[in-house]
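Below is final-v6.cif, holding mmCIF, C-alpha atoms.
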```cif
data_coords
loop_
_atom_site.group_PDB
_atom_site.id
_atom_site.type_symbol
_atom_site.label_atom_id
_atom_site.label_comp_id
_atom_site.auth_asym_id
_atom_site.auth_seq_id
_atom_site.Cartn_x
_atom_site.Cartn_y
_atom_site.Cartn_z
ATOM 1 C CA MET A 1 4.249 -4.357 -3.243
ATOM 2 C CA LYS A 2 6.723 -5.177 -5.986
ATOM 3 C CA HIS A 3 9.748 -3.160 -4.823
ATOM 4 C CA ASP A 4 11.257 -1.583 -1.748
ATOM 5 C CA VAL A 5 9.972 1.824 -0.689
ATOM 6 C CA ILE A 6 12.201 3.996 1.481
ATOM 7 C CA ALA A 7 10.780 6.988 3.338
ATOM 8 C CA ILE A 8 12.857 10.159 3.498
ATOM 9 C CA CYS A 9 11.626 12.169 6.474
ATOM 10 C CA GLY A 10 12.840 14.935 8.756
ATOM 11 C CA TYR A 11 11.935 18.323 10.163
ATOM 12 C CA ILE A 12 11.086 21.212 7.877
ATOM 13 C CA GLY A 13 14.313 22.614 6.426
ATOM 14 C CA SER A 14 16.345 19.504 7.210
ATOM 15 C CA GLY A 15 17.120 18.766 3.566
ATOM 16 C CA LYS A 16 14.661 16.029 2.574
ATOM 17 C CA SER A 17 14.173 17.514 -0.885
ATOM 18 C CA THR A 18 17.910 17.834 -1.438
ATOM 19 C CA VAL A 19 18.424 14.180 -0.511
ATOM 20 C CA ALA A 20 15.634 13.178 -2.915
ATOM 21 C CA ARG A 21 17.159 15.364 -5.641
ATOM 22 C CA ILE A 22 20.579 13.732 -5.141
ATOM 23 C CA LEU A 23 19.047 10.248 -5.395
ATOM 24 C CA GLY A 24 17.174 11.337 -8.540
ATOM 25 C CA GLU A 25 20.428 12.595 -10.069
ATOM 26 C CA TRP A 26 21.902 9.169 -9.426
ATOM 27 C CA GLY A 27 19.053 7.557 -11.351
ATOM 28 C CA TYR A 28 16.828 6.435 -8.469
ATOM 29 C CA GLU A 29 13.084 6.945 -8.662
ATOM 30 C CA THR A 30 11.794 9.489 -6.153
ATOM 31 C CA VAL A 31 8.384 10.889 -5.320
ATOM 32 C CA ASP A 32 7.328 13.828 -3.176
ATOM 33 C CA CYS A 33 4.284 12.764 -1.148
ATOM 34 C CA ASP A 34 3.192 16.413 -0.912
ATOM 35 C CA ILE A 35 2.729 16.317 -4.698
ATOM 36 C CA LEU A 36 0.778 13.058 -4.415
ATOM 37 C CA ALA A 37 -1.420 14.741 -1.797
ATOM 38 C CA ARG A 38 -2.057 17.739 -4.073
ATOM 39 C CA ARG A 39 -2.991 15.418 -6.925
ATOM 40 C CA ALA A 40 -5.319 13.491 -4.624
ATOM 41 C CA ALA A 41 -6.955 16.775 -3.539
ATOM 42 C CA ASP A 42 -7.644 17.593 -7.211
ATOM 43 C CA ASP A 43 -9.322 14.230 -7.862
ATOM 44 C CA PRO A 44 -13.105 14.685 -8.302
ATOM 45 C CA THR A 45 -13.770 11.259 -6.776
ATOM 46 C CA LEU A 46 -11.961 12.197 -3.567
ATOM 47 C CA GLN A 47 -13.636 15.601 -3.556
ATOM 48 C CA ALA A 48 -17.043 13.898 -3.724
ATOM 49 C CA LYS A 49 -16.088 11.708 -0.753
ATOM 50 C CA VAL A 50 -14.963 14.778 1.210
ATOM 51 C CA ALA A 51 -18.267 16.509 0.376
ATOM 52 C CA GLU A 52 -20.147 13.426 1.567
ATOM 53 C CA LEU A 53 -18.150 13.338 4.810
ATOM 54 C CA LEU A 54 -18.113 17.060 5.621
ATOM 55 C CA GLY A 55 -20.703 18.711 3.406
ATOM 56 C CA GLU A 56 -20.862 20.267 -0.054
ATOM 57 C CA GLU A 57 -19.640 23.644 1.246
ATOM 58 C CA TYR A 58 -16.145 22.192 1.769
ATOM 59 C CA VAL A 59 -15.630 21.731 -1.989
ATOM 60 C CA ASN A 60 -15.862 24.885 -4.108
ATOM 61 C CA ASP A 61 -15.362 25.039 -7.880
ATOM 62 C CA GLY A 62 -13.459 21.757 -7.977
ATOM 63 C CA GLN A 63 -11.187 22.705 -5.063
ATOM 64 C CA LEU A 64 -11.111 21.586 -1.458
ATOM 65 C CA ASP A 65 -11.525 24.489 0.946
ATOM 66 C CA ARG A 66 -8.484 23.516 2.994
ATOM 67 C CA ARG A 67 -8.827 26.281 5.575
ATOM 68 C CA ALA A 68 -12.472 25.409 6.308
ATOM 69 C CA ILE A 69 -11.628 21.706 6.370
ATOM 70 C CA ARG A 70 -8.780 22.295 8.862
ATOM 71 C CA GLU A 71 -11.026 24.359 11.110
ATOM 72 C CA ARG A 72 -13.737 21.692 11.039
ATOM 73 C CA VAL A 73 -11.735 18.482 11.399
ATOM 74 C CA PHE A 74 -9.132 19.652 13.924
ATOM 75 C CA SER A 75 -11.860 20.456 16.416
ATOM 76 C CA ASP A 76 -13.298 16.914 16.232
ATOM 77 C CA GLY A 77 -10.905 14.019 16.824
ATOM 78 C CA GLU A 78 -13.207 11.367 15.358
ATOM 79 C CA LEU A 79 -13.910 13.436 12.265
ATOM 80 C CA LEU A 80 -10.180 14.123 11.858
ATOM 81 C CA CYS A 81 -9.470 10.382 11.894
ATOM 82 C CA ARG A 82 -12.163 9.739 9.285
ATOM 83 C CA TYR A 83 -10.908 12.581 7.060
ATOM 84 C CA GLU A 84 -7.273 11.451 7.321
ATOM 85 C CA ALA A 85 -8.226 7.857 6.560
ATOM 86 C CA LEU A 86 -10.082 9.038 3.472
ATOM 87 C CA PHE A 87 -7.486 11.521 2.239
ATOM 88 C CA PHE A 88 -4.304 9.682 3.123
ATOM 89 C CA GLY A 89 -5.842 6.412 1.971
ATOM 90 C CA GLU A 90 -5.827 7.928 -1.515
ATOM 91 C CA VAL A 91 -2.189 9.054 -1.157
ATOM 92 C CA ARG A 92 -1.223 5.598 0.110
ATOM 93 C CA ALA A 93 -2.986 3.963 -2.860
ATOM 94 C CA ARG A 94 -1.072 6.197 -5.282
ATOM 95 C CA LEU A 95 2.234 5.423 -3.564
ATOM 96 C CA THR A 96 1.461 1.696 -3.559
ATOM 97 C CA ASP A 97 0.684 1.853 -7.269
ATOM 98 C CA MET A 98 3.958 3.654 -7.969
ATOM 99 C CA ALA A 99 5.898 1.036 -5.997
ATOM 100 C CA ALA A 100 4.196 -1.795 -7.873
ATOM 101 C CA ASN A 101 5.195 -0.231 -11.170
ATOM 102 C CA SER A 102 8.704 0.775 -10.152
ATOM 103 C CA ASP A 103 11.734 -0.826 -11.745
ATOM 104 C CA ASP A 104 13.767 -0.607 -8.553
ATOM 105 C CA VAL A 105 13.637 0.931 -5.086
ATOM 106 C CA LEU A 106 11.348 3.951 -4.733
ATOM 107 C CA PHE A 107 12.324 6.819 -2.428
ATOM 108 C CA ALA A 108 9.375 8.760 -0.989
ATOM 109 C CA GLU A 109 9.936 12.205 0.479
ATOM 110 C CA ILE A 110 7.335 12.532 3.195
ATOM 111 C CA PRO A 111 6.956 15.408 5.653
ATOM 112 C CA VAL A 112 4.594 13.644 8.083
ATOM 113 C CA LEU A 113 5.532 9.998 8.351
ATOM 114 C CA ASP A 114 2.642 9.011 10.606
ATOM 115 C CA ALA A 115 0.078 10.668 8.333
ATOM 116 C CA PHE A 116 -0.738 7.231 7.011
ATOM 117 C CA PRO A 117 0.462 3.729 7.773
ATOM 118 C CA PHE A 118 2.673 2.251 5.077
ATOM 119 C CA GLU A 119 4.996 -0.733 4.900
ATOM 120 C CA TRP A 120 8.243 1.183 4.578
ATOM 121 C CA THR A 121 11.266 -0.947 3.743
ATOM 122 C CA GLU A 122 13.423 1.571 5.561
ATOM 123 C CA ILE A 123 13.070 5.044 7.026
ATOM 124 C CA TRP A 124 15.824 7.574 6.403
ATOM 125 C CA ARG A 125 15.713 10.612 8.662
ATOM 126 C CA VAL A 126 17.506 13.752 7.474
ATOM 127 C CA GLU A 127 18.811 15.882 10.350
ATOM 128 C CA CYS A 128 20.479 19.219 10.879
ATOM 129 C CA SER A 129 20.644 21.695 13.733
ATOM 130 C CA ARG A 130 17.509 23.626 14.670
ATOM 131 C CA GLU A 131 19.308 26.852 13.744
ATOM 132 C CA GLN A 132 20.033 25.519 10.248
ATOM 133 C CA SER A 133 16.406 24.457 9.791
ATOM 134 C CA LEU A 134 15.216 27.904 10.867
ATOM 135 C CA GLY A 135 17.673 29.674 8.600
ATOM 136 C CA ARG A 136 16.896 27.519 5.562
ATOM 137 C CA VAL A 137 13.122 27.839 5.877
ATOM 138 C CA THR A 138 13.033 31.560 6.611
ATOM 139 C CA GLU A 139 15.317 32.223 3.633
ATOM 140 C CA ARG A 140 13.633 29.756 1.266
ATOM 141 C CA ASP A 141 10.002 30.555 2.098
ATOM 142 C CA GLY A 142 10.311 34.175 3.194
ATOM 143 C CA VAL A 143 8.545 33.458 6.494
ATOM 144 C CA SER A 144 9.368 34.690 9.959
ATOM 145 C CA THR A 145 11.471 32.795 12.455
ATOM 146 C CA ALA A 146 8.421 32.678 14.752
ATOM 147 C CA ASP A 147 6.297 31.044 12.038
ATOM 148 C CA THR A 148 9.027 28.497 11.342
ATOM 149 C CA GLU A 149 9.440 27.822 15.083
ATOM 150 C CA ALA A 150 5.687 27.167 15.300
ATOM 151 C CA VAL A 151 5.907 24.557 12.536
ATOM 152 C CA LEU A 152 9.006 22.939 14.052
ATOM 153 C CA SER A 153 7.340 22.725 17.471
ATOM 154 C CA ARG A 154 4.477 20.674 15.980
ATOM 155 C CA GLN A 155 6.725 18.236 14.129
ATOM 156 C CA ARG A 156 7.935 15.065 15.744
ATOM 157 C CA ARG A 157 11.111 13.075 15.396
ATOM 158 C CA TYR A 158 10.656 9.642 13.858
ATOM 159 C CA ASP A 159 12.596 6.500 14.555
ATOM 160 C CA ALA A 160 14.763 5.706 11.577
ATOM 161 C CA THR A 161 16.672 2.890 9.976
ATOM 162 C CA ARG A 162 19.341 5.377 8.884
ATOM 163 C CA VAL A 163 20.132 8.963 9.838
ATOM 164 C CA ILE A 164 21.613 11.342 7.284
ATOM 165 C CA ARG A 165 23.303 14.417 8.770
ATOM 166 C CA ASN A 166 22.961 17.604 6.735
ATOM 167 C CA ASP A 167 25.065 20.085 8.681
ATOM 168 C CA GLY A 168 27.720 20.819 6.078
ATOM 169 C CA SER A 169 28.197 21.276 2.368
ATOM 170 C CA VAL A 170 26.238 19.651 -0.445
ATOM 171 C CA ASP A 171 29.283 17.458 -1.126
ATOM 172 C CA GLN A 172 29.209 16.279 2.493
ATOM 173 C CA LEU A 173 25.499 15.569 2.143
ATOM 174 C CA ARG A 174 26.177 13.587 -1.044
ATOM 175 C CA GLN A 175 28.703 11.501 0.884
ATOM 176 C CA ALA A 176 26.219 10.875 3.711
ATOM 177 C CA VAL A 177 23.540 9.835 1.189
ATOM 178 C CA ARG A 178 26.057 7.524 -0.533
ATOM 179 C CA GLU A 179 26.861 5.914 2.823
ATOM 180 C CA ALA A 180 23.168 5.364 3.597
ATOM 181 C CA LEU A 181 22.619 3.946 0.120
ATOM 182 C CA ASP A 182 25.626 1.631 0.427
ATOM 183 C CA ALA A 183 24.390 0.406 3.833
ATOM 184 C CA TYR A 184 20.910 -0.207 2.416
ATOM 185 C CA GLU A 185 22.300 -2.135 -0.569
ATOM 186 C CA ALA A 186 24.577 -4.184 1.703
ATOM 187 C CA SER A 187 21.582 -5.078 3.882
ATOM 188 C CA ARG A 188 19.806 -6.342 0.776
ATOM 189 C CA GLY A 189 22.819 -8.266 -0.489
ATOM 190 C CA LYS A 190 23.243 -6.032 -3.506
#
```
Before anything else, please render the file you have as structure tokens.
Amino acid sequence: MKHDVIAICGYIGSGKSTVARILGEWGYETVDCDILARRAADDPTLQAKVAELLGEEYVNDGQLDRRAIRERVFSDGELLCRYEALFFGEVRARLTDMAANSDDVLFAEIPVLDAFPFEWTEIWRVECSREQSLGRVTERDGVSTADTEAVLSRQRRYDATRVIRNDGSVDQLRQAVREALDAYEASRGK
């Protein structure tokens, strides 16, 4: 890998996207790994591999049948591991390629950090109260509190190099991001 890659992780509604947007405004390269995953899912080569692993019926009209795939792989631990290795291997390859071609540090917004192993330079965890997460997600996505609670209950907290609190205003968040960035640069002698 040519340059540092920093993971931005946290619970749903914690503010990962806002942190990535702030870094982008400051001229840093950012990538949303959900977008990389969607692009991977649209790749005919990956779709052919999924069809080979699961069967042709799991790819319809150039689209993965995500619901059917979830139902099939989550009931079989070994199959789930093989599917994740295949799918997230493609996401990891795309992220590795981006890092190799980056001019500087690359910040990767990633909802599920353990979805695939990667040599992160640092891990930045964005945190806020559970109530704030619930409020942000229900307002943003128009989903129920119960649905959001169900997602939050399945997410796990990751160890982090730096923790960015997002309990206040956007200006306070900017300051917290600046502090994390300054600490990172100091650790690298920049």
### Query
When you draw a straight line from CA of Gln47 in chain A to CA of Val91 in chain A, how long is it in Å?
13.4 Å
Taking only residues of range 45-131 of chain A that have an atom at most 8 Å from an atom of range 163-171 of chain A, what is each one's shortest atom pair and its distance in Å to one decimal, using only C-alpha atoms, in chain and number order, as CSV?
```
residue,atom,partner,partner_atom,distance
A:Trp124,CA,A:Val163,CA,5.7
A:Arg125,CA,A:Val163,CA,4.9
A:Val126,CA,A:Ile164,CA,4.8
A:Glu127,CA,A:Arg165,CA,5.0
A:Cys128,CA,A:Asn166,CA,5.1
A:Ser129,CA,A:Asp167,CA,6.9
```
At a cut-off of 6 Å, can you tabulate as JSON lines every residue of range 66-143 of chain A near range 22-46 of chain A together with its closest atom pair and the distance in Å to one decimal, using all atoms listed in the file and ordering rows by chain then number?
```
{"residue": "A:Val91", "atom": "CA", "partner": "A:Ala37", "partner_atom": "CA", "distance": 5.8}
{"residue": "A:Leu106", "atom": "CA", "partner": "A:Glu29", "partner_atom": "CA", "distance": 5.2}
{"residue": "A:Phe107", "atom": "CA", "partner": "A:Thr30", "partner_atom": "CA", "distance": 4.6}
{"residue": "A:Ala108", "atom": "CA", "partner": "A:Val31", "partner_atom": "CA", "distance": 4.9}
{"residue": "A:Glu109", "atom": "CA", "partner": "A:Asp32", "partner_atom": "CA", "distance": 4.8}
{"residue": "A:Ile110", "atom": "CA", "partner": "A:Cys33", "partner_atom": "CA", "distance": 5.3}
```
### Task
I would like the residues chosen by the PyMOL selection byres ((chain A and resi 181) around 12) on the shown file; could you give them as a ChimeraX atom specification?
/A:6,19-20,22-23,26,28,105,107,122-124,161-164,174-180,182-188,190
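CA of Pro111 in chain A lies 5.7 Å from CA of Cys9 in chain A.
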Specify the axis-aligned box that encloses all atoms of range 90-106 of chain A listed in the file after padding of 8 Å on each side, stating its centre and edge lengths in Å to one decimal as AutoDock Vina command-line options.
```
--center_x 4.0 --center_y 3.6 --center_z -5.8 --size_x 35.6 --size_y 26.8 --size_z 27.9
```
